[in-house]
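J.: Provided herewith: my_file_24.txt, compact mmCIF, C-alpha atoms and all ligand atoms.
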# COMPACT_ATOMS: atom_id res chain seq x y z
CA MET A 1 1.55 -6.57 29.27
CA VAL A 2 0.94 -6.44 25.52
CA LYS A 3 -2.73 -6.50 24.59
CA LEU A 4 -3.07 -7.47 20.96
CA THR A 5 -6.75 -6.61 20.42
CA PRO A 6 -9.06 -3.94 21.92
CA PRO A 7 -10.13 -4.95 25.46
CA MET A 8 -13.81 -5.93 25.88
CA GLY A 9 -15.92 -6.02 29.01
CA TRP A 10 -18.31 -4.16 31.27
CA ASN A 11 -17.79 -1.12 33.53
CA SER A 12 -20.02 0.05 36.38
CA TRP A 13 -19.84 3.81 35.82
CA ASN A 14 -22.35 4.60 33.08
CA THR A 15 -25.31 3.03 34.82
CA PHE A 16 -24.41 2.80 38.49
CA GLY A 17 -22.08 5.69 39.32
CA GLU A 18 -21.59 5.61 43.09
CA ASN A 19 -24.40 3.06 43.63
CA ILE A 20 -22.21 0.00 43.48
CA ASN A 21 -22.13 -2.99 45.81
CA GLU A 22 -21.06 -6.59 46.06
CA ALA A 23 -24.44 -8.17 45.24
CA MET A 24 -24.92 -6.10 42.08
CA ILE A 25 -21.36 -6.75 40.88
CA CYS A 26 -21.73 -10.51 41.42
CA GLU A 27 -25.03 -10.49 39.51
CA MET A 28 -23.31 -8.68 36.68
CA ALA A 29 -20.61 -11.37 36.64
CA ASP A 30 -23.34 -14.03 36.49
CA VAL A 31 -24.97 -12.38 33.48
CA MET A 32 -21.66 -11.84 31.71
CA ALA A 33 -20.88 -15.52 32.12
CA GLU A 34 -24.34 -16.87 31.31
CA SER A 35 -25.82 -14.57 28.64
CA GLY A 36 -23.27 -15.40 25.96
CA LEU A 37 -21.32 -12.16 26.47
CA LYS A 38 -18.25 -13.99 27.77
CA GLU A 39 -18.15 -16.30 24.74
CA LYS A 40 -18.33 -13.25 22.47
CA GLY A 41 -15.16 -11.89 24.12
CA TYR A 42 -16.44 -9.55 26.86
CA GLU A 43 -14.03 -10.61 29.59
CA TYR A 44 -13.20 -7.69 31.92
CA LEU A 45 -15.67 -6.76 34.65
CA VAL A 46 -14.57 -3.36 35.94
CA ILE A 47 -15.64 -1.55 39.11
CA ASP A 48 -15.24 2.18 38.48
CA ASP A 49 -15.03 5.04 41.00
CA CYS A 50 -16.61 5.14 44.51
CA TRP A 51 -15.61 1.68 45.81
CA SER A 52 -13.36 2.79 48.70
CA LEU A 53 -13.62 4.62 51.98
CA LYS A 54 -12.70 8.30 51.95
CA GLU A 55 -9.59 7.65 54.10
CA ARG A 56 -6.70 5.20 53.77
CA ASP A 57 -5.94 2.87 56.70
CA GLU A 58 -3.05 3.31 59.18
CA LYS A 59 -0.69 1.58 56.72
CA GLU A 60 -1.77 4.02 54.00
CA ARG A 61 -3.61 1.30 52.12
CA LEU A 62 -6.86 1.85 50.24
CA VAL A 63 -9.87 0.34 52.03
CA PRO A 64 -12.94 -1.00 50.23
CA ASP A 65 -16.13 0.53 51.67
CA PRO A 66 -17.40 -2.23 54.03
CA GLU A 67 -21.02 -1.25 53.47
CA LYS A 68 -20.73 -1.66 49.70
CA PHE A 69 -18.21 -4.53 49.71
CA PRO A 70 -18.53 -6.32 53.07
CA HIS A 71 -16.28 -9.21 52.04
CA GLY A 72 -13.58 -7.00 50.51
CA MET A 73 -12.20 -6.98 47.00
CA LYS A 74 -10.34 -10.29 47.03
CA ALA A 75 -13.71 -12.01 47.48
CA ILE A 76 -15.11 -10.16 44.46
CA ALA A 77 -12.05 -11.01 42.38
CA ASP A 78 -12.40 -14.68 43.35
CA TYR A 79 -16.07 -14.65 42.37
CA VAL A 80 -15.35 -12.98 39.03
CA HIS A 81 -12.46 -15.35 38.30
CA ALA A 82 -14.59 -18.38 39.15
CA LYS A 83 -16.93 -17.25 36.36
CA GLY A 84 -14.05 -17.34 33.91
CA LEU A 85 -13.86 -13.54 33.75
CA LYS A 86 -11.19 -10.97 34.60
CA PHE A 87 -11.53 -8.34 37.29
CA GLY A 88 -10.91 -4.60 36.89
CA MET A 89 -10.71 -1.72 39.33
CA TYR A 90 -10.28 2.03 39.25
CA SER A 91 -7.97 4.64 40.72
CA CYS A 92 -6.69 8.07 39.82
CA ALA A 93 -3.37 9.84 39.20
CA GLY A 94 -4.45 12.71 41.45
CA ASN A 95 -4.84 13.19 45.19
CA LEU A 96 -8.49 12.30 44.78
CA THR A 97 -10.55 10.36 42.27
CA CYS A 98 -13.04 12.29 40.19
CA ALA A 99 -15.78 11.51 42.72
CA GLY A 100 -13.59 12.57 45.67
CA TYR A 101 -12.22 9.26 47.00
CA PRO A 102 -8.48 8.80 47.66
CA GLY A 103 -6.38 8.79 44.49
CA SER A 104 -3.07 6.97 44.03
CA PHE A 105 -0.78 10.02 43.83
CA GLU A 106 2.39 9.29 45.83
CA HIS A 107 0.98 5.82 46.65
CA GLU A 108 1.45 4.27 43.23
CA PHE A 109 3.62 1.26 44.16
CA LEU A 110 1.65 0.49 47.32
CA ASP A 111 -1.65 0.64 45.48
CA ALA A 112 -0.40 -1.48 42.59
CA GLU A 113 0.73 -4.12 45.12
CA THR A 114 -2.63 -3.93 46.88
CA PHE A 115 -4.48 -4.44 43.60
CA ALA A 116 -2.21 -7.37 42.78
CA GLU A 117 -2.91 -8.96 46.20
CA TRP A 118 -6.62 -8.66 45.60
CA GLY A 119 -6.35 -10.40 42.21
CA VAL A 120 -7.02 -7.39 40.00
CA ASP A 121 -6.39 -7.85 36.24
CA PHE A 122 -7.17 -4.35 34.91
CA LEU A 123 -6.70 -0.85 36.29
CA LYS A 124 -8.53 2.18 34.92
CA TYR A 125 -6.49 5.21 35.94
CA ASP A 126 -8.20 8.60 35.92
CA TYR A 127 -6.79 12.15 35.84
CA CYS A 128 -8.82 14.32 38.24
CA TYR A 129 -7.12 16.41 40.96
CA HIS A 130 -3.66 15.73 39.56
CA SER A 131 -0.66 17.84 40.42
CA PRO A 132 -0.59 21.09 38.46
CA ILE A 133 3.21 21.03 38.42
CA ILE A 134 3.96 17.42 37.44
CA HIS A 135 3.19 16.61 33.82
CA GLY A 136 0.69 13.80 33.24
CA LYS A 137 3.28 11.69 31.43
CA TYR A 138 5.25 11.30 34.68
CA LEU A 139 2.15 10.39 36.67
CA TYR A 140 1.16 7.70 34.17
CA ARG A 141 4.76 6.46 33.87
CA ARG A 142 4.85 5.95 37.63
CA MET A 143 1.71 3.86 37.75
CA GLY A 144 2.74 2.01 34.60
CA LEU A 145 6.05 1.06 36.21
CA ALA A 146 4.34 0.18 39.49
CA LEU A 147 2.00 -2.19 37.66
CA GLU A 148 4.87 -3.81 35.77
CA ASN A 149 6.50 -4.49 39.14
CA CYS A 150 3.51 -5.55 41.22
CA GLY A 151 3.91 -9.26 40.60
CA ARG A 152 0.70 -9.68 38.63
CA GLU A 153 -0.28 -9.00 35.03
CA ILE A 154 -2.56 -5.97 35.21
CA LEU A 155 -3.82 -4.21 32.09
CA PHE A 156 -3.22 -0.47 32.39
CA SER A 157 -6.19 1.57 31.12
CA ALA A 158 -5.32 5.26 31.07
CA CYS A 159 -8.09 7.82 31.40
CA SER A 160 -6.71 11.34 30.91
CA TRP A 161 -9.41 12.17 28.31
CA GLY A 162 -6.84 13.09 25.65
CA ASN A 163 -5.73 16.08 27.77
CA ASP A 164 -2.17 17.44 27.68
CA GLU A 165 -1.52 15.81 24.30
CA THR A 166 -1.96 12.32 25.76
CA HIS A 167 -1.50 10.73 22.34
CA ALA A 168 2.12 11.95 22.23
CA TRP A 169 3.25 10.17 25.40
CA ILE A 170 0.78 7.50 26.43
CA LYS A 171 2.53 4.58 24.74
CA GLU A 172 5.70 5.17 26.76
CA THR A 173 3.75 4.61 30.01
CA GLY A 174 2.89 0.98 29.29
CA ALA A 175 -0.85 1.68 28.92
CA SER A 176 -2.79 -0.77 26.75
CA MET A 177 -5.64 1.65 26.12
CA TRP A 178 -6.12 5.37 26.62
CA ARG A 179 -9.21 7.53 26.78
CA SER A 180 -8.84 9.71 23.74
CA THR A 181 -11.80 11.96 24.50
CA GLY A 182 -14.01 13.26 27.34
CA ASP A 183 -16.89 11.42 29.01
CA ILE A 184 -19.78 9.90 27.11
CA PHE A 185 -23.42 10.61 27.98
CA ASP A 186 -26.50 8.76 26.86
CA THR A 187 -27.51 11.14 24.05
CA TRP A 188 -26.93 11.13 20.31
CA ASP A 189 -25.17 14.52 20.50
CA SER A 190 -22.60 13.02 22.84
CA VAL A 191 -21.90 10.14 20.44
CA LYS A 192 -21.54 12.55 17.53
CA ASP A 193 -19.25 14.79 19.51
CA LEU A 194 -16.90 11.94 20.51
CA VAL A 195 -16.77 10.65 16.94
CA THR A 196 -15.83 14.11 15.66
CA GLN A 197 -13.16 14.57 18.34
CA GLN A 198 -11.66 11.26 17.24
CA ASP A 199 -10.94 12.52 13.71
CA LYS A 200 -7.41 13.69 14.48
CA LEU A 201 -6.52 10.70 16.62
CA HIS A 202 -6.91 7.70 14.30
CA PRO A 203 -3.18 7.53 13.52
CA TYR A 204 -2.45 6.84 17.20
CA ASN A 205 -4.69 3.77 17.49
CA GLY A 206 -3.18 0.36 17.03
CA VAL A 207 -2.03 -2.97 18.43
CA GLY A 208 -0.73 -2.65 21.99
CA CYS A 209 -2.36 0.70 22.86
CA PHE A 210 -5.90 1.34 21.72
CA ASN A 211 -7.81 4.63 21.48
CA ASP A 212 -10.63 4.33 24.01
CA MET A 213 -13.68 6.30 22.90
CA ASP A 214 -15.28 5.65 26.34
CA MET A 215 -17.72 3.07 27.61
CA LEU A 216 -20.69 2.14 25.46
CA ILE A 217 -24.15 3.57 26.12
CA VAL A 218 -25.90 0.82 24.12
CA GLY A 219 -29.06 -0.33 25.91
CA MET A 220 -29.12 2.37 28.59
CA HIS A 221 -32.34 3.96 27.30
CA GLY A 222 -31.86 7.05 29.43
CA ASN A 223 -31.44 5.13 32.71
CA GLY A 224 -28.61 5.46 35.16
CA ASN A 225 -25.70 7.68 36.01
CA VAL A 226 -24.97 9.12 32.53
CA GLY A 227 -28.55 8.40 31.43
CA LEU A 228 -29.92 11.76 30.17
CA ALA A 229 -32.26 11.65 27.16
CA GLY A 230 -31.29 8.21 25.90
CA CYS A 231 -31.03 7.08 22.29
CA THR A 232 -33.07 4.88 19.96
CA ASP A 233 -32.04 1.31 19.22
CA GLN A 234 -30.97 2.46 15.75
CA GLN A 235 -28.74 5.13 17.27
CA TYR A 236 -27.25 2.61 19.72
CA ARG A 237 -26.48 0.25 16.86
CA THR A 238 -24.75 2.97 14.86
CA HIS A 239 -22.80 4.10 17.94
CA TYR A 240 -21.68 0.53 18.59
CA ALA A 241 -20.72 -0.07 14.97
CA ILE A 242 -18.55 3.08 14.89
CA TRP A 243 -16.75 2.15 18.13
CA ALA A 244 -16.19 -1.39 16.85
CA LEU A 245 -15.03 -0.39 13.37
CA LEU A 246 -12.69 2.32 14.62
CA GLY A 247 -10.98 -0.18 16.93
CA SER A 248 -12.08 1.21 20.30
CA PRO A 249 -12.22 -1.05 23.35
CA LEU A 250 -15.79 -2.29 23.79
CA MET A 251 -16.75 -1.78 27.43
CA ILE A 252 -20.49 -2.15 27.96
CA GLY A 253 -22.12 0.40 30.27
CA CYS A 254 -25.77 -0.68 30.56
CA ASP A 255 -27.39 -2.84 33.23
CA LEU A 256 -26.73 -6.31 31.84
CA ARG A 257 -29.52 -7.80 33.96
CA THR A 258 -32.20 -5.98 31.99
CA MET A 259 -30.80 -6.10 28.44
CA ASP A 260 -33.58 -6.39 25.86
CA GLU A 261 -33.31 -8.34 22.60
CA ALA A 262 -32.26 -5.33 20.51
CA THR A 263 -29.44 -4.59 22.95
CA LYS A 264 -28.22 -8.18 22.91
CA GLU A 265 -28.31 -8.30 19.11
CA THR A 266 -26.26 -5.13 18.89
CA LEU A 267 -23.68 -6.19 21.46
CA MET A 268 -23.30 -9.75 20.24
CA ASN A 269 -22.96 -9.48 16.47
CA ASP A 270 -20.16 -11.90 15.62
CA GLU A 271 -18.98 -10.19 12.46
CA MET A 272 -18.91 -6.74 14.08
CA ILE A 273 -16.83 -8.12 16.97
CA ARG A 274 -14.54 -9.96 14.54
CA ILE A 275 -13.83 -6.66 12.76
CA ASN A 276 -13.14 -4.90 16.08
CA GLN A 277 -10.83 -7.71 17.18
CA ASP A 278 -9.03 -8.08 13.86
CA PRO A 279 -5.39 -8.92 14.64
CA LEU A 280 -3.94 -6.44 12.13
CA GLY A 281 -5.30 -3.55 14.24
CA SER A 282 -4.81 -1.27 11.28
CA GLN A 283 -5.48 2.44 11.30
CA PRO A 284 -9.01 3.43 10.19
CA ILE A 285 -9.22 5.88 7.32
CA ARG A 286 -12.06 8.28 6.72
CA LEU A 287 -13.09 8.21 3.08
CA SER A 288 -14.09 11.37 1.23
CA THR A 289 -17.72 12.37 1.57
CA PRO A 290 -19.14 13.69 -1.67
CA TYR A 291 -21.90 16.31 -1.76
CA GLY A 292 -20.39 18.12 1.24
CA ASN A 293 -22.61 16.26 3.71
CA ASP A 294 -20.49 16.07 6.86
CA ASN A 295 -23.19 14.02 8.57
CA ILE A 296 -22.21 11.10 6.37
CA ARG A 297 -19.12 9.36 7.68
CA ILE A 298 -17.49 6.52 5.79
CA TYR A 299 -14.52 4.63 7.21
CA ALA A 300 -12.44 1.76 5.90
CA ARG A 301 -9.93 -0.51 7.60
CA ASN A 302 -7.65 -3.18 6.23
CA LEU A 303 -8.13 -6.58 7.86
CA ALA A 304 -5.57 -9.28 8.48
CA ASN A 305 -6.73 -11.69 5.74
CA GLY A 306 -6.71 -9.05 2.98
CA ASP A 307 -10.39 -8.16 3.39
CA LEU A 308 -11.55 -4.63 4.12
CA ALA A 309 -14.07 -3.45 6.68
CA ILE A 310 -16.10 -0.53 5.37
CA GLY A 311 -18.71 1.34 7.42
CA LEU A 312 -21.16 3.97 6.16
CA PHE A 313 -22.78 6.03 8.91
CA ASN A 314 -25.56 8.59 8.80
CA MET A 315 -25.15 10.86 11.81
CA SER A 316 -28.30 12.88 10.99
CA GLY A 317 -32.05 12.42 11.34
CA GLU A 318 -32.58 12.75 7.54
CA ARG A 319 -32.34 9.95 5.00
CA ALA A 320 -29.14 10.51 3.07
CA LYS A 321 -27.10 9.18 0.18
CA ALA A 322 -23.72 7.66 0.97
CA THR A 323 -21.23 6.78 -1.73
CA PHE A 324 -17.58 5.83 -1.99
CA ASN A 325 -15.10 5.24 -4.78
CA LEU A 326 -12.87 2.18 -4.76
CA ASP A 327 -9.85 4.25 -5.85
CA GLU A 328 -9.62 5.46 -2.30
CA VAL A 329 -9.19 2.00 -0.78
CA GLY A 330 -6.59 0.97 -3.36
CA LEU A 331 -8.82 -0.71 -5.95
CA PRO A 332 -9.13 1.49 -9.04
CA PHE A 333 -10.91 -0.05 -12.03
CA SER A 334 -7.52 -0.67 -13.68
CA THR A 335 -6.66 -3.37 -11.14
CA GLY A 336 -9.31 -5.59 -12.72
CA ARG A 337 -10.70 -6.21 -9.26
CA THR A 338 -13.60 -5.08 -7.15
CA LEU A 339 -15.21 -5.75 -3.76
CA GLN A 340 -17.70 -8.45 -2.88
CA MET A 341 -19.23 -7.09 0.33
CA ARG A 342 -21.36 -8.71 3.03
CA GLU A 343 -23.31 -6.42 5.36
CA VAL A 344 -22.82 -7.47 8.98
CA TRP A 345 -26.32 -6.74 10.36
CA THR A 346 -28.43 -8.08 7.48
CA GLY A 347 -26.12 -10.52 5.71
CA ASN A 348 -26.95 -8.79 2.38
CA GLU A 349 -24.36 -9.37 -0.35
CA VAL A 350 -23.33 -6.53 -2.64
CA LEU A 351 -20.89 -6.63 -5.57
CA VAL A 352 -19.46 -3.17 -6.22
CA LYS A 353 -19.80 -2.21 -9.90
CA ASN A 354 -18.01 0.56 -11.82
CA ALA A 355 -15.69 1.09 -8.83
CA THR A 356 -18.48 2.98 -7.06
CA HIS A 357 -20.81 2.08 -4.24
CA ILE A 358 -23.98 4.11 -3.67
CA GLU A 359 -26.68 3.58 -1.09
CA GLU A 360 -29.36 5.41 0.88
CA LEU A 361 -28.95 5.34 4.63
CA GLU A 362 -31.89 5.59 7.03
CA PRO A 363 -31.90 8.41 9.61
CA TYR A 364 -29.07 7.58 12.08
CA GLY A 365 -28.59 4.39 10.07
CA CYS A 366 -25.46 2.49 9.17
CA SER A 367 -24.21 -0.27 6.94
CA VAL A 368 -21.01 -2.08 7.80
CA TYR A 369 -19.45 -4.44 5.31
CA ARG A 370 -16.81 -7.09 5.40
CA ALA A 371 -15.50 -6.83 1.85
CA LYS A 372 -13.43 -9.30 -0.14
CA VAL A 373 -11.23 -8.38 -3.08
CA VAL A 374 -12.44 -10.36 -6.13
CA LYS A 375 -11.55 -10.46 -9.83
CA LEU A 376 -13.95 -8.69 -12.18
C1 LIG B 1 -14.14 10.50 35.02
C2 LIG B 1 -13.98 9.41 33.98
C3 LIG B 1 -15.25 8.57 33.93
C4 LIG B 1 -15.51 7.97 35.30
C5 LIG B 1 -15.60 9.06 36.35
C6 LIG B 1 -15.66 8.52 37.76
O1 LIG B 1 -15.11 11.42 34.67
O2 LIG B 1 -13.72 9.97 32.71
O3 LIG B 1 -15.13 7.55 32.96
O4 LIG B 1 -14.49 7.06 35.61
O5 LIG B 1 -14.47 9.93 36.29
O6 LIG B 1 -15.73 9.52 38.73
Mind converting the file's structure to C-alpha cells?

T.:
Amino acid sequence: MVKLTPPMGWNSWNTFGENINEAMICEMADVMAESGLKEKGYEYLVIDDCWSLKERDEKERLVPDPEKFPHGMKAIADYVHAKGLKFGMYSCAGNLTCAGYPGSFEHEFLDAETFAEWGVDFLKYDYCYHSPIIHGKYLYRRMGLALENCGREILFSACSWGNDETHAWIKETGASMWRSTGDIFDTWDSVKDLVTQQDKLHPYNGVGCFNDMDMLIVGMHGNGNVGLAGCTDQQYRTHYAIWALLGSPLMIGCDLRTMDEATKETLMNDEMIRINQDPLGSQPIRLSTPYGNDNIRIYARNLANGDLAIGLFNMSGERAKATFNLDEVGLPFSTGRTLQMREVWTGNEVLVKNATHIEELEPYGCSVYRAKVVKL
C-alpha cells in the first residue's frame, strides 16, 4: 500500500508492555473514538508485543493468549473497526519477538494470512532474534511480499531500529514507515538522543516511507513500561513538536483514559498536525545555529501550498537565544519578500524584518511557525 502521510495512532508498548488485555484495548478504542483523537487523524490502534501464547498451534499458527484475549483477535478487530478505527498488530523478523514470544521467521506467509483473516490493517515488524546469516533486507522483503499477497491491505511498519543501514534498503521492502532509531524512554535525555541520531537520516524521510522516531511519550509522566523519570509538560510539547515537524509517524504511547488537559492540548493541536500531515512530505532541513549553541535546533520544511514550517527548539534547561536568516530558506532580502509567520501554540503573528528572526526560547521551549511568503 502507498501511505501518503505519516501514520497516526496509538500503540500499547510504552505504557502497558506485557500487561495488555481485551478490556483495556477496547477502552482505548472507546477513548480514541470519543475524545476527538480520531477526528484529529489518530486512526491506528496497535497492540504491540506479548499478545500471543509462547507456542504456535498444531497448524503452526500464532495463537492469541486466551487469558489476555479470550475472544481472539478477530473480535478485537471488529470492535476497533466498529469505532471507525484501524487495527494494528505486532510480530518480529526473528525466531522470537523481543519479549520472547514466537516471531514470524519462516512463517511469514502463514502469519500474514492469519493477520488478514483477523482483520488486521497494520503490522509492526520487529528485529530481535533474527538470523545472523540472513541480511535484514531479505527478512523484511519476505514479510513485505507476504503482506502484499495476503488478500488485505496491511500497512507494513518496519522496526529494525536503523540497524544494518536500514535506510539503504527499507523502501524496497514495501514498508510505509521504518524505525530510524532505537527505543524511546520517558526522559528528556532519551528525546534528545533520538533527535540527534536523526540528524543523518532526514534525506531518507518522505512520502510513502516515513522515518519513525518511535512512539510518543507525551503524557506518560513517568508511568508505565518505558516510564522512568518522566518529563514536564513543556518537554512533552517540544518532543511532540519535533516529531511532528520532522515528519515522523505520530503514535501515542500514554494511557489515553487518563490524559490530562495539557496532554490533550499537545496531542490535538490542529496546525501542528496539519504540518505533520502536509502532502508534500518534503525533507526537513536543519538551519545553521549561530553562537555555537548545539542545544538550539532550528528546522524548516517546505509545505504543499508554498508556505514554510519553521520550528525553533531549545533542548537545554537554560533560556537561550534562537535566530535564523531567511537566506537559508531561499528568501534573501533581494527577493523583495519576507515571511509572515503564525506560531502554532499561541497564534502569535510575527513579520520577519531585515531577513532575520531573533527570539528567546524558554528552557526546553519551542516555537513552531507556519510561515507565508509575503511581499515587503
Ligand atoms: C523492541 C521495539 C519496541 C517494542 C519492543 C517489544 O524493543 O523497538 O518498540 O516493540 O521491542 O518487545

J.: Using only C-alpha atoms, can you tell me which of A:Trp118, A:Phe185, A:Phe324, A:Phe156 comes closest to Tyr79 (chain A)?

T.: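 Closest to Tyr79 (chain A) of all the choices is A:Trp118.
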
J.: Could you give me, as a tab-separated table, a per-residue list for chain A showing, wherever an atom lies at most 10 Å from an atom of ligand LIG 1 (chain B), the closest pair of atoms and their distance in Å to one decimal, using only C-alpha atoms and all ligand atoms and sorting by chain then residue number from low to high?

T.:
residue	atom	partner	partner_atom	distance
A:Asn11	CA	B:LIG1	O4	9.1
A:Ser12	CA	B:LIG1	O4	9.0
A:Trp13	CA	B:LIG1	C4	6.0
A:Asn14	CA	B:LIG1	O3	7.8
A:Gly17	CA	B:LIG1	C6	7.2
A:Glu18	CA	B:LIG1	O6	8.3
A:Ile47	CA	B:LIG1	O4	9.4
A:Asp48	CA	B:LIG1	O4	5.7
A:Asp49	CA	B:LIG1	C6	4.8
A:Cys50	CA	B:LIG1	O6	7.3
A:Tyr90	CA	B:LIG1	O4	7.5
A:Ser91	CA	B:LIG1	O4	8.6
A:Cys92	CA	B:LIG1	O5	8.7
A:Leu96	CA	B:LIG1	O6	9.8
A:Thr97	CA	B:LIG1	O6	6.3
A:Cys98	CA	B:LIG1	O6	4.1
A:Ala99	CA	B:LIG1	O6	4.5
A:Gly100	CA	B:LIG1	O6	7.9
A:Tyr101	CA	B:LIG1	O6	9.0
A:Lys124	CA	B:LIG1	O4	7.7
A:Tyr125	CA	B:LIG1	O4	8.2
A:Asp126	CA	B:LIG1	C2	6.2
A:Tyr127	CA	B:LIG1	C1	7.6
A:Cys128	CA	B:LIG1	C1	7.3
A:Ala158	CA	B:LIG1	O2	9.8
A:Cys159	CA	B:LIG1	O2	6.2
A:Ser160	CA	B:LIG1	O2	7.4
A:Trp161	CA	B:LIG1	O2	6.5
A:Arg179	CA	B:LIG1	O2	7.8
A:Thr181	CA	B:LIG1	O2	8.7
A:Gly182	CA	B:LIG1	O2	6.3
A:Asp183	CA	B:LIG1	O2	5.1
A:Ile184	CA	B:LIG1	O3	7.8
A:Asp214	CA	B:LIG1	O3	6.9
A:Met215	CA	B:LIG1	O3	7.4
A:Val226	CA	B:LIG1	C3	9.8

J.: Interatomic distance between CA of Ile252 (chain A) and CA of Met32 (chain A)?

T.: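 So the answer is 10.5 Å.
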
J.: What's around Asp233 (chain A) at 10 Å? Count all atoms listed in the file, leave out sequence neighbours fewer than 2 positions away in its own chain, and write the answer as an NGL selection string.

T.: :A and (218-221 or 230-231 or 235-239 or 262-263 or 266 or 364)

J.: Smallest atom-to-atom distance to Gly330 (chain A): which of A:Met315, A:Ile296, A:Leu287, A:Ile25, using all atoms listed in the file?

T.: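 Going through A:Met315, A:Ile296, A:Leu287, A:Ile25 one by one, the smallest distance to Gly330 (chain A) is for A:Leu287.
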
J.: With only C-alpha atoms as the basis for distance, which of A:Phe122, A:Tyr138, A:Phe333, A:Tyr291 is at the shortest distance from Lys3 (chain A)?

T.: A:Phe122

J.: Name the residues, using the chain letters and numbers of the file, that sit within 12 Å of (-8.0, -1.6, -6.7) when counting only C-alpha atoms, and give them as a PyMOL selection string.

T.: chain A and resi 308+325-339+352+354-356+372-376

J.: May I have the residues from that selection written out with C-alpha atoms, as a PDB file, keeping the file's coordinate frame?

T.:
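In the end it all went to again_21.pdb:
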ATOM      1  CA  LEU A 308     -11.550  -4.630   4.120  1.00  0.00           C
ATOM      2  CA  ASN A 325     -15.100   5.240  -4.780  1.00  0.00           C
ATOM      3  CA  LEU A 326     -12.870   2.180  -4.760  1.00  0.00           C
ATOM      4  CA  ASP A 327      -9.850   4.250  -5.850  1.00  0.00           C
ATOM      5  CA  GLU A 328      -9.620   5.460  -2.300  1.00  0.00           C
ATOM      6  CA  VAL A 329      -9.190   2.000  -0.780  1.00  0.00           C
ATOM      7  CA  GLY A 330      -6.590   0.970  -3.360  1.00  0.00           C
ATOM      8  CA  LEU A 331      -8.820  -0.710  -5.950  1.00  0.00           C
ATOM      9  CA  PRO A 332      -9.130   1.490  -9.040  1.00  0.00           C
ATOM     10  CA  PHE A 333     -10.910  -0.050 -12.030  1.00  0.00           C
ATOM     11  CA  SER A 334      -7.520  -0.670 -13.680  1.00  0.00           C
ATOM     12  CA  THR A 335      -6.660  -3.370 -11.140  1.00  0.00           C
ATOM     13  CA  GLY A 336      -9.310  -5.590 -12.720  1.00  0.00           C
ATOM     14  CA  ARG A 337     -10.700  -6.210  -9.260  1.00  0.00           C
ATOM     15  CA  THR A 338     -13.600  -5.080  -7.150  1.00  0.00           C
ATOM     16  CA  LEU A 339     -15.210  -5.750  -3.760  1.00  0.00           C
ATOM     17  CA  VAL A 352     -19.460  -3.170  -6.220  1.00  0.00           C
ATOM     18  CA  ASN A 354     -18.010   0.560 -11.820  1.00  0.00           C
ATOM     19  CA  ALA A 355     -15.690   1.090  -8.830  1.00  0.00           C
ATOM     20  CA  THR A 356     -18.480   2.980  -7.060  1.00  0.00           C
ATOM     21  CA  LYS A 372     -13.430  -9.300  -0.140  1.00  0.00           C
ATOM     22  CA  VAL A 373     -11.230  -8.380  -3.080  1.00  0.00           C
ATOM     23  CA  VAL A 374     -12.440 -10.360  -6.130  1.00  0.00           C
ATOM     24  CA  LYS A 375     -11.550 -10.460  -9.830  1.00  0.00           C
ATOM     25  CA  LEU A 376     -13.950  -8.690 -12.180  1.00  0.00           C
TER      26      LEU A 376
END

J.: Taking 3 positions as the minimum chain separation for residues in the same chain, which residues sit within 9 Å of Val80 (chain A) when counting all atoms listed in the file? Answer as an NGL selection string.

T.: :A and (25-26 or 29-30 or 45 or 75-77 or 83-87)
